[in-house]
$ cat protein-v5.pdb   # PDB, C-alpha atoms, pLDDT in the B column
ATOM      1  CA  MET A 178      -2.669  18.369  11.767  1.00 35.00           C
ATOM      2  CA  THR A 179      -2.634  14.611  11.814  1.00 40.00           C
ATOM      3  CA  HIS A 180       0.451  13.036  13.255  1.00 41.00           C
ATOM      4  CA  LEU A 181       1.141   9.385  12.497  1.00 45.00           C
ATOM      5  CA  GLU A 182       2.588   7.642  15.520  1.00 42.00           C
ATOM      6  CA  PRO A 183       3.115   4.054  16.541  1.00 38.00           C
ATOM      7  CA  SER A 184      -0.010   2.685  18.140  1.00 38.00           C
ATOM      8  CA  ASN A 185      -0.507   0.471  21.153  1.00 36.00           C
ATOM      9  CA  ARG A 186      -3.604  -1.052  19.530  1.00 38.00           C
ATOM     10  CA  ALA A 187      -1.777  -3.624  17.452  1.00 41.00           C
ATOM     11  CA  PRO A 188       1.892  -4.467  17.045  1.00 41.00           C
ATOM     12  CA  ALA A 189       3.610  -3.617  13.810  1.00 46.00           C
ATOM     13  CA  ALA A 190       4.477  -6.487  11.529  1.00 47.00           C
ATOM     14  CA  LYS A 191       7.990  -7.756  12.070  1.00 46.00           C
ATOM     15  CA  PRO A 192      10.679  -6.550   9.677  1.00 47.00           C
ATOM     16  CA  ASN A 193      11.123  -9.109   6.952  1.00 46.00           C
ATOM     17  CA  GLY A 194      14.590 -10.083   8.159  1.00 48.00           C
ATOM     18  CA  ASN A 195      15.534 -11.175   4.638  1.00 50.00           C
ATOM     19  CA  LEU A 196      18.286  -8.918   3.372  1.00 56.00           C
ATOM     20  CA  GLY A 197      17.514 -10.041  -0.176  1.00 77.00           C
ATOM     21  CA  GLN A 198      14.148  -8.239  -0.176  1.00 90.00           C
ATOM     22  CA  PRO A 199      12.977  -4.656   0.244  1.00 93.00           C
ATOM     23  CA  ASP A 200      12.228  -3.698   3.848  1.00 95.00           C
ATOM     24  CA  VAL A 201       8.524  -3.140   4.477  1.00 97.00           C
ATOM     25  CA  GLN A 202       7.243  -1.861   7.811  1.00 97.00           C
ATOM     26  CA  VAL A 203       3.515  -2.135   8.526  1.00 98.00           C
ATOM     27  CA  ALA A 204       1.770  -0.264  11.344  1.00 97.00           C
ATOM     28  CA  ASP A 205      -1.817  -0.268  12.573  1.00 97.00           C
ATOM     29  CA  GLN A 206      -2.958   3.070  13.998  1.00 97.00           C
ATOM     30  CA  GLN A 207      -6.694   2.377  13.890  1.00 97.00           C
ATOM     31  CA  SER A 208      -8.954   0.271  16.062  1.00 95.00           C
ATOM     32  CA  GLY A 209     -12.007  -0.371  13.894  1.00 94.00           C
ATOM     33  CA  HIS A 210     -10.752  -3.471  12.096  1.00 96.00           C
ATOM     34  CA  LYS A 211      -8.606  -6.435  13.048  1.00 96.00           C
ATOM     35  CA  LEU A 212      -5.896  -6.680  10.405  1.00 97.00           C
ATOM     36  CA  ASP A 213      -3.412  -9.348   9.384  1.00 96.00           C
ATOM     37  CA  LEU A 214      -0.374  -7.073   9.214  1.00 97.00           C
ATOM     38  CA  GLU A 215       1.951  -9.881   8.171  1.00 97.00           C
ATOM     39  CA  ARG A 216      -0.298 -10.620   5.173  1.00 96.00           C
ATOM     40  CA  TYR A 217      -0.017  -7.013   3.980  1.00 97.00           C
ATOM     41  CA  ARG A 218       3.731  -6.897   4.599  1.00 97.00           C
ATOM     42  CA  THR A 219       4.167 -10.088   2.553  1.00 96.00           C
ATOM     43  CA  LEU A 220       1.987  -8.675  -0.245  1.00 97.00           C
ATOM     44  CA  ALA A 221       3.979  -5.427  -0.276  1.00 97.00           C
ATOM     45  CA  VAL A 222       7.311  -7.285  -0.461  1.00 96.00           C
ATOM     46  CA  SER A 223       5.912  -9.415  -3.303  1.00 96.00           C
ATOM     47  CA  VAL A 224       4.857  -6.339  -5.297  1.00 96.00           C
ATOM     48  CA  LEU A 225       8.135  -4.495  -4.717  1.00 96.00           C
ATOM     49  CA  THR A 226      10.205  -7.546  -5.634  1.00 94.00           C
ATOM     50  CA  SER A 227       8.146  -8.196  -8.780  1.00 94.00           C
ATOM     51  CA  GLU A 228       8.552  -4.560  -9.794  1.00 94.00           C
ATOM     52  CA  GLY A 229      12.338  -4.903  -9.546  1.00 91.00           C
ATOM     53  CA  VAL A 230      12.766  -2.611  -6.558  1.00 91.00           C
ATOM     54  CA  PRO A 231      16.290  -2.881  -5.089  1.00 89.00           C
ATOM     55  CA  LYS A 232      16.700  -4.907  -1.909  1.00 88.00           C
ATOM     56  CA  ASP A 233      17.933  -1.867   0.013  1.00 87.00           C
ATOM     57  CA  ALA A 234      14.638  -0.027  -0.521  1.00 92.00           C
ATOM     58  CA  ALA A 235      12.243   0.691   2.333  1.00 94.00           C
ATOM     59  CA  LEU A 236       8.486   1.282   2.381  1.00 96.00           C
ATOM     60  CA  THR A 237       5.981   1.892   5.151  1.00 97.00           C
ATOM     61  CA  VAL A 238       2.318   0.853   5.041  1.00 98.00           C
ATOM     62  CA  VAL A 239       0.164   2.486   7.715  1.00 98.00           C
ATOM     63  CA  PHE A 240      -3.485   1.763   8.530  1.00 98.00           C
ATOM     64  CA  VAL A 241      -5.336   4.756   9.982  1.00 98.00           C
ATOM     65  CA  SER A 242      -8.771   5.809  11.222  1.00 98.00           C
ATOM     66  CA  SER A 243     -11.305   7.689   9.119  1.00 97.00           C
ATOM     67  CA  GLN A 244     -10.530  10.928  10.966  1.00 97.00           C
ATOM     68  CA  ALA A 245      -6.782  10.585  10.459  1.00 98.00           C
ATOM     69  CA  MET A 246      -7.335   9.845   6.757  1.00 98.00           C
ATOM     70  CA  ALA A 247      -9.714  12.808   6.387  1.00 97.00           C
ATOM     71  CA  ASP A 248      -7.063  15.059   7.932  1.00 97.00           C
ATOM     72  CA  LEU A 249      -4.362  13.750   5.586  1.00 97.00           C
ATOM     73  CA  ASN A 250      -6.663  13.997   2.573  1.00 95.00           C
ATOM     74  CA  ALA A 251      -7.488  17.637   3.371  1.00 96.00           C
ATOM     75  CA  GLN A 252      -3.902  18.573   4.136  1.00 95.00           C
ATOM     76  CA  HIS A 253      -2.215  16.894   1.161  1.00 94.00           C
ATOM     77  CA  MET A 254      -4.887  16.561  -1.507  1.00 94.00           C
ATOM     78  CA  GLY A 255      -7.231  19.440  -0.688  1.00 94.00           C
ATOM     79  CA  HIS A 256     -10.217  17.056  -0.556  1.00 96.00           C
ATOM     80  CA  GLU A 257     -12.806  16.814   2.178  1.00 96.00           C
ATOM     81  CA  GLY A 258     -13.455  13.554   4.009  1.00 96.00           C
ATOM     82  CA  PRO A 259     -11.580  10.271   4.208  1.00 97.00           C
ATOM     83  CA  THR A 260     -10.367   8.356   1.181  1.00 97.00           C
ATOM     84  CA  ASP A 261      -9.311   4.734   0.898  1.00 97.00           C
ATOM     85  CA  VAL A 262      -5.592   5.115   0.153  1.00 97.00           C
ATOM     86  CA  LEU A 263      -2.969   7.836  -0.116  1.00 97.00           C
ATOM     87  CA  ALA A 264       0.566   7.368  -1.379  1.00 96.00           C
ATOM     88  CA  PHE A 265       3.482   9.566  -0.401  1.00 95.00           C
ATOM     89  CA  PRO A 266       6.563   8.838  -2.560  1.00 93.00           C
ATOM     90  CA  ILE A 267       9.866  10.002  -1.083  1.00 90.00           C
ATOM     91  CA  ASP A 268      12.816   8.933  -3.238  1.00 65.00           C
ATOM     92  CA  GLU A 269      10.944   8.386  -6.489  1.00 55.00           C
ATOM     93  CA  HIS A 270      13.767   9.968  -8.476  1.00 51.00           C
ATOM     94  CA  VAL A 271      16.236   7.373  -7.137  1.00 53.00           C
ATOM     95  CA  MET A 272      14.286   4.521  -8.733  1.00 51.00           C
ATOM     96  CA  ASN A 273      15.290   5.820 -12.156  1.00 51.00           C
ATOM     97  CA  GLN A 274      19.012   5.407 -11.434  1.00 50.00           C
ATOM     98  CA  SER A 275      20.729   2.295 -12.738  1.00 51.00           C
ATOM     99  CA  SER A 276      22.638   1.622  -9.524  1.00 51.00           C
ATOM    100  CA  PRO A 277      21.447   2.574  -6.061  1.00 52.00           C
ATOM    101  CA  GLY A 278      23.950   4.121  -3.673  1.00 56.00           C
ATOM    102  CA  PRO A 279      25.004   2.818  -0.273  1.00 55.00           C
ATOM    103  CA  ILE A 280      22.155   4.696   1.425  1.00 59.00           C
ATOM    104  CA  PRO A 281      18.829   2.827   1.598  1.00 66.00           C
ATOM    105  CA  ILE A 282      16.195   4.028  -0.828  1.00 85.00           C
ATOM    106  CA  MET A 283      13.227   5.434   1.062  1.00 90.00           C
ATOM    107  CA  LEU A 284      10.348   4.699  -1.287  1.00 94.00           C
ATOM    108  CA  GLY A 285       7.686   6.373   0.817  1.00 95.00           C
ATOM    109  CA  ASP A 286       4.498   5.672   2.695  1.00 97.00           C
ATOM    110  CA  VAL A 287       1.203   4.068   1.762  1.00 98.00           C
ATOM    111  CA  VAL A 288      -1.627   5.106   4.079  1.00 98.00           C
ATOM    112  CA  ILE A 289      -4.826   3.033   4.052  1.00 98.00           C
ATOM    113  CA  CYS A 290      -8.159   3.571   5.775  1.00 98.00           C
ATOM    114  CA  PRO A 291      -9.847   0.226   6.553  1.00 98.00           C
ATOM    115  CA  ASP A 292     -13.141   2.024   7.342  1.00 97.00           C
ATOM    116  CA  VAL A 293     -13.350   3.301   3.762  1.00 98.00           C
ATOM    117  CA  ALA A 294     -12.174  -0.069   2.431  1.00 97.00           C
ATOM    118  CA  ALA A 295     -15.073  -1.687   4.312  1.00 97.00           C
ATOM    119  CA  ILE A 296     -17.512   0.658   2.578  1.00 96.00           C
ATOM    120  CA  ASN A 297     -16.004   0.090  -0.890  1.00 95.00           C
ATOM    121  CA  CYS A 298     -15.378  -3.668  -0.728  1.00 94.00           C
ATOM    122  CA  VAL A 299     -18.830  -4.725  -1.944  1.00 92.00           C
ATOM    123  CA  THR A 300     -18.754  -2.227  -4.822  1.00 92.00           C
ATOM    124  CA  ASN A 301     -15.325  -3.470  -5.931  1.00 89.00           C
ATOM    125  CA  LYS A 302     -16.234  -7.155  -5.724  1.00 91.00           C
ATOM    126  CA  ASP A 303     -14.958  -8.975  -8.822  1.00 88.00           C
ATOM    127  CA  SER A 304     -12.763  -5.998  -9.808  1.00 84.00           C
ATOM    128  CA  TYR A 305     -10.000  -8.568 -10.108  1.00 83.00           C
ATOM    129  CA  PRO A 306     -10.067 -12.376 -10.022  1.00 83.00           C
ATOM    130  CA  GLY A 307     -10.238 -13.394  -6.383  1.00 84.00           C
ATOM    131  CA  HIS A 308     -11.839 -10.197  -5.043  1.00 91.00           C
ATOM    132  CA  ASN A 309     -14.848 -11.705  -3.310  1.00 91.00           C
ATOM    133  CA  GLY A 310     -16.061  -8.476  -1.745  1.00 92.00           C
ATOM    134  CA  SER A 311     -14.310  -8.884   1.612  1.00 95.00           C
ATOM    135  CA  VAL A 312     -12.520  -6.104   3.477  1.00 96.00           C
ATOM    136  CA  SER A 313      -9.314  -8.147   3.248  1.00 95.00           C
ATOM    137  CA  ASP A 314      -9.624  -8.402  -0.547  1.00 95.00           C
ATOM    138  CA  GLU A 315     -10.205  -4.657  -0.766  1.00 96.00           C
ATOM    139  CA  ILE A 316      -7.202  -3.895   1.432  1.00 97.00           C
ATOM    140  CA  ASP A 317      -5.081  -6.208  -0.749  1.00 96.00           C
ATOM    141  CA  LEU A 318      -6.104  -4.062  -3.717  1.00 96.00           C
ATOM    142  CA  LEU A 319      -5.337  -0.836  -1.839  1.00 97.00           C
ATOM    143  CA  VAL A 320      -1.892  -2.053  -0.757  1.00 98.00           C
ATOM    144  CA  VAL A 321      -0.988  -2.844  -4.369  1.00 97.00           C
ATOM    145  CA  HIS A 322      -2.592   0.362  -5.678  1.00 97.00           C
ATOM    146  CA  GLY A 323      -0.741   2.523  -3.158  1.00 97.00           C
ATOM    147  CA  ILE A 324       2.599   0.859  -3.870  1.00 97.00           C
ATOM    148  CA  LEU A 325       2.178   1.351  -7.613  1.00 96.00           C
ATOM    149  CA  HIS A 326       1.542   5.052  -6.957  1.00 95.00           C
ATOM    150  CA  VAL A 327       4.689   5.256  -4.808  1.00 95.00           C
ATOM    151  CA  LEU A 328       6.592   3.655  -7.702  1.00 93.00           C
ATOM    152  CA  GLY A 329       5.311   6.308 -10.107  1.00 91.00           C
ATOM    153  CA  MET A 330       2.252   4.744 -11.746  1.00 91.00           C
ATOM    154  CA  ASP A 331      -0.903   6.803 -12.086  1.00 89.00           C
ATOM    155  CA  HIS A 332      -4.402   6.621 -13.517  1.00 91.00           C
ATOM    156  CA  ALA A 333      -4.974  10.178 -14.713  1.00 89.00           C
ATOM    157  CA  ASP A 334      -6.000   9.107 -18.224  1.00 92.00           C
ATOM    158  CA  ASP A 335      -7.505   5.997 -19.805  1.00 92.00           C
ATOM    159  CA  GLU A 336      -4.187   4.553 -20.977  1.00 94.00           C
ATOM    160  CA  GLU A 337      -2.553   4.990 -17.551  1.00 93.00           C
ATOM    161  CA  ARG A 338      -5.635   3.589 -15.806  1.00 93.00           C
ATOM    162  CA  THR A 339      -5.642   0.499 -18.046  1.00 94.00           C
ATOM    163  CA  MET A 340      -1.933  -0.114 -17.420  1.00 95.00           C
ATOM    164  CA  MET A 341      -2.258   0.380 -13.670  1.00 94.00           C
ATOM    165  CA  GLN A 342      -5.300  -1.889 -13.373  1.00 93.00           C
ATOM    166  CA  ALA A 343      -3.530  -4.591 -15.391  1.00 94.00           C
ATOM    167  CA  SER A 344      -0.533  -4.343 -13.082  1.00 95.00           C
ATOM    168  CA  GLU A 345      -2.804  -4.526 -10.015  1.00 95.00           C
ATOM    169  CA  ARG A 346      -4.498  -7.655 -11.356  1.00 93.00           C
ATOM    170  CA  THR A 347      -1.153  -9.268 -12.148  1.00 94.00           C
ATOM    171  CA  HIS A 348       0.182  -8.673  -8.627  1.00 95.00           C
ATOM    172  CA  LEU A 349      -3.042  -9.724  -6.895  1.00 94.00           C
ATOM    173  CA  THR A 350      -3.404 -12.876  -8.971  1.00 91.00           C
ATOM    174  CA  ALA A 351       0.209 -13.837  -8.294  1.00 92.00           C
ATOM    175  CA  PHE A 352      -0.314 -13.255  -4.567  1.00 92.00           C
ATOM    176  CA  ASP A 353      -3.523 -15.293  -4.645  1.00 82.00           C
ATOM    177  CA  ASP A 354      -1.761 -18.082  -6.555  1.00 77.00           C
ATOM    178  CA  GLU A 355       0.859 -18.245  -3.785  1.00 73.00           C
ATOM    179  CA  GLY A 356      -1.924 -19.518  -1.526  1.00 57.00           C
ATOM    180  CA  ARG A 357      -2.501 -16.388   0.540  1.00 56.00           C
TER     181      ARG A 357
END

$ encode --input "protein-v5.pdb" --output "structure tokens"
Amino acid sequence: MTHLEPSNRAPAAKPNGNLGQPDVQVADQQSGHKLDLERYRTLAVSVLTSEGVPKDAALTVVFVSSQAMADLNAQHMGHEGPTDVLAFPIDEHVMNQSSPGPIPIMLGDVVICPDVAAINCVTNKDSYPGHNGSVSDEIDLLVVHGILHVLGMDHADDEERTMMQASERTHLTAFDDEGR
């Protein structure tokens, strides 16, 4: 069984410190790629804020190795081998309430495998304006994709896929326009 633990390889991104925004924690538990954790934390906060997520919500984004992702994929999805992103919603039912309670909303976890992102980045080049085929561009896409899954979006049919891809493009373009 794969166990996600804090890593000594790279420090986690600092909590956002802004009580007016959702709390996003980012951790790097892989060693194959140097990552800008603050970039991904900022992107995640941007997506959550744009989606109207309450400020007392919390989300974790974790970057893992291919082996850790393969273990999670087998355990939770029944699929063999690593995948690029997995989303684990926790309090998805709370998001449908009109007023959150005094307890923070635990949105869930987004788990990303940079090794798989590195393989897919060339294939996904130009999948949205600004995706130039870099690993960073691909991870941007995976962060947004995973968060949208945590928030309840899916791509099981053509209509859902079209809506989700449009939402991804909107968030990524807005993030790009902010000069990231």

$ atom_distance --input "protein-v5.pdb" --atom1 "CA of His326 in chain A" --atom2 "CA of Ala295 in chain A"
21.2 Å

$ atom_distance --input "protein-v5.pdb" --atom1 "CA of Ala343 in chain A" --atom2 "CA of Leu318 in chain A"
12.0 Å

$ resolve_selection --input "protein-v5.pdb" --expression "the PyMOL selection byres ((chain A and resi 285) around 8)" --output "list in words"
Ala235, Leu236, Thr237, Ala264, Phe265, Pro266, Ile267, Asp268, Met283, Leu284, Asp286, Val287 and Val327 of chain A

$ residues_around --input "protein-v5.pdb" --residues "Phe240 in chain A" --least-positions-apart "6" --cutoff "9 Å" --atoms "all atoms listed in the file" --output "mmCIF file with C-alpha atoms, in the frame of the given file"
data_model
loop_
_atom_site.group_PDB
_atom_site.id
_atom_site.type_symbol
_atom_site.label_atom_id
_atom_site.label_comp_id
_atom_site.auth_asym_id
_atom_site.auth_seq_id
_atom_site.Cartn_x
_atom_site.Cartn_y
_atom_site.Cartn_z
ATOM 1 C CA VAL A 203 3.515 -2.135 8.526
ATOM 2 C CA ALA A 204 1.770 -0.264 11.344
ATOM 3 C CA ASP A 205 -1.817 -0.268 12.573
ATOM 4 C CA GLN A 206 -2.958 3.070 13.998
ATOM 5 C CA GLN A 207 -6.694 2.377 13.890
ATOM 6 C CA LEU A 212 -5.896 -6.680 10.405
ATOM 7 C CA VAL A 287 1.203 4.068 1.762
ATOM 8 C CA VAL A 288 -1.627 5.106 4.079
ATOM 9 C CA ILE A 289 -4.826 3.033 4.052
ATOM 10 C CA CYS A 290 -8.159 3.571 5.775
ATOM 11 C CA PRO A 291 -9.847 0.226 6.553
#

$ closest_residue --input "protein-v5.pdb" --among "A:Asp334, A:Asp303, A:Glu257, A:Asp292" --to "Arg346 in chain A" --atoms "all atoms listed in the file"
A:Asp303

$ resolve_selection --input "protein-v5.pdb" --expression "the PyMOL selection byres ((chain A and resi 344) around 10)" --output "compact mmCIF listing (two decimals) with C-alpha atoms, in the coordinates of the input"
# COMPACT_ATOMS: atom_id res chain seq x y z
CA VAL A 224 4.86 -6.34 -5.30
CA GLU A 228 8.55 -4.56 -9.79
CA VAL A 321 -0.99 -2.84 -4.37
CA HIS A 322 -2.59 0.36 -5.68
CA LEU A 325 2.18 1.35 -7.61
CA MET A 330 2.25 4.74 -11.75
CA ARG A 338 -5.64 3.59 -15.81
CA THR A 339 -5.64 0.50 -18.05
CA MET A 340 -1.93 -0.11 -17.42
CA MET A 341 -2.26 0.38 -13.67
CA GLN A 342 -5.30 -1.89 -13.37
CA ALA A 343 -3.53 -4.59 -15.39
CA GLU A 345 -2.80 -4.53 -10.02
CA ARG A 346 -4.50 -7.66 -11.36
CA THR A 347 -1.15 -9.27 -12.15
CA HIS A 348 0.18 -8.67 -8.63
CA LEU A 349 -3.04 -9.72 -6.90
CA THR A 350 -3.40 -12.88 -8.97
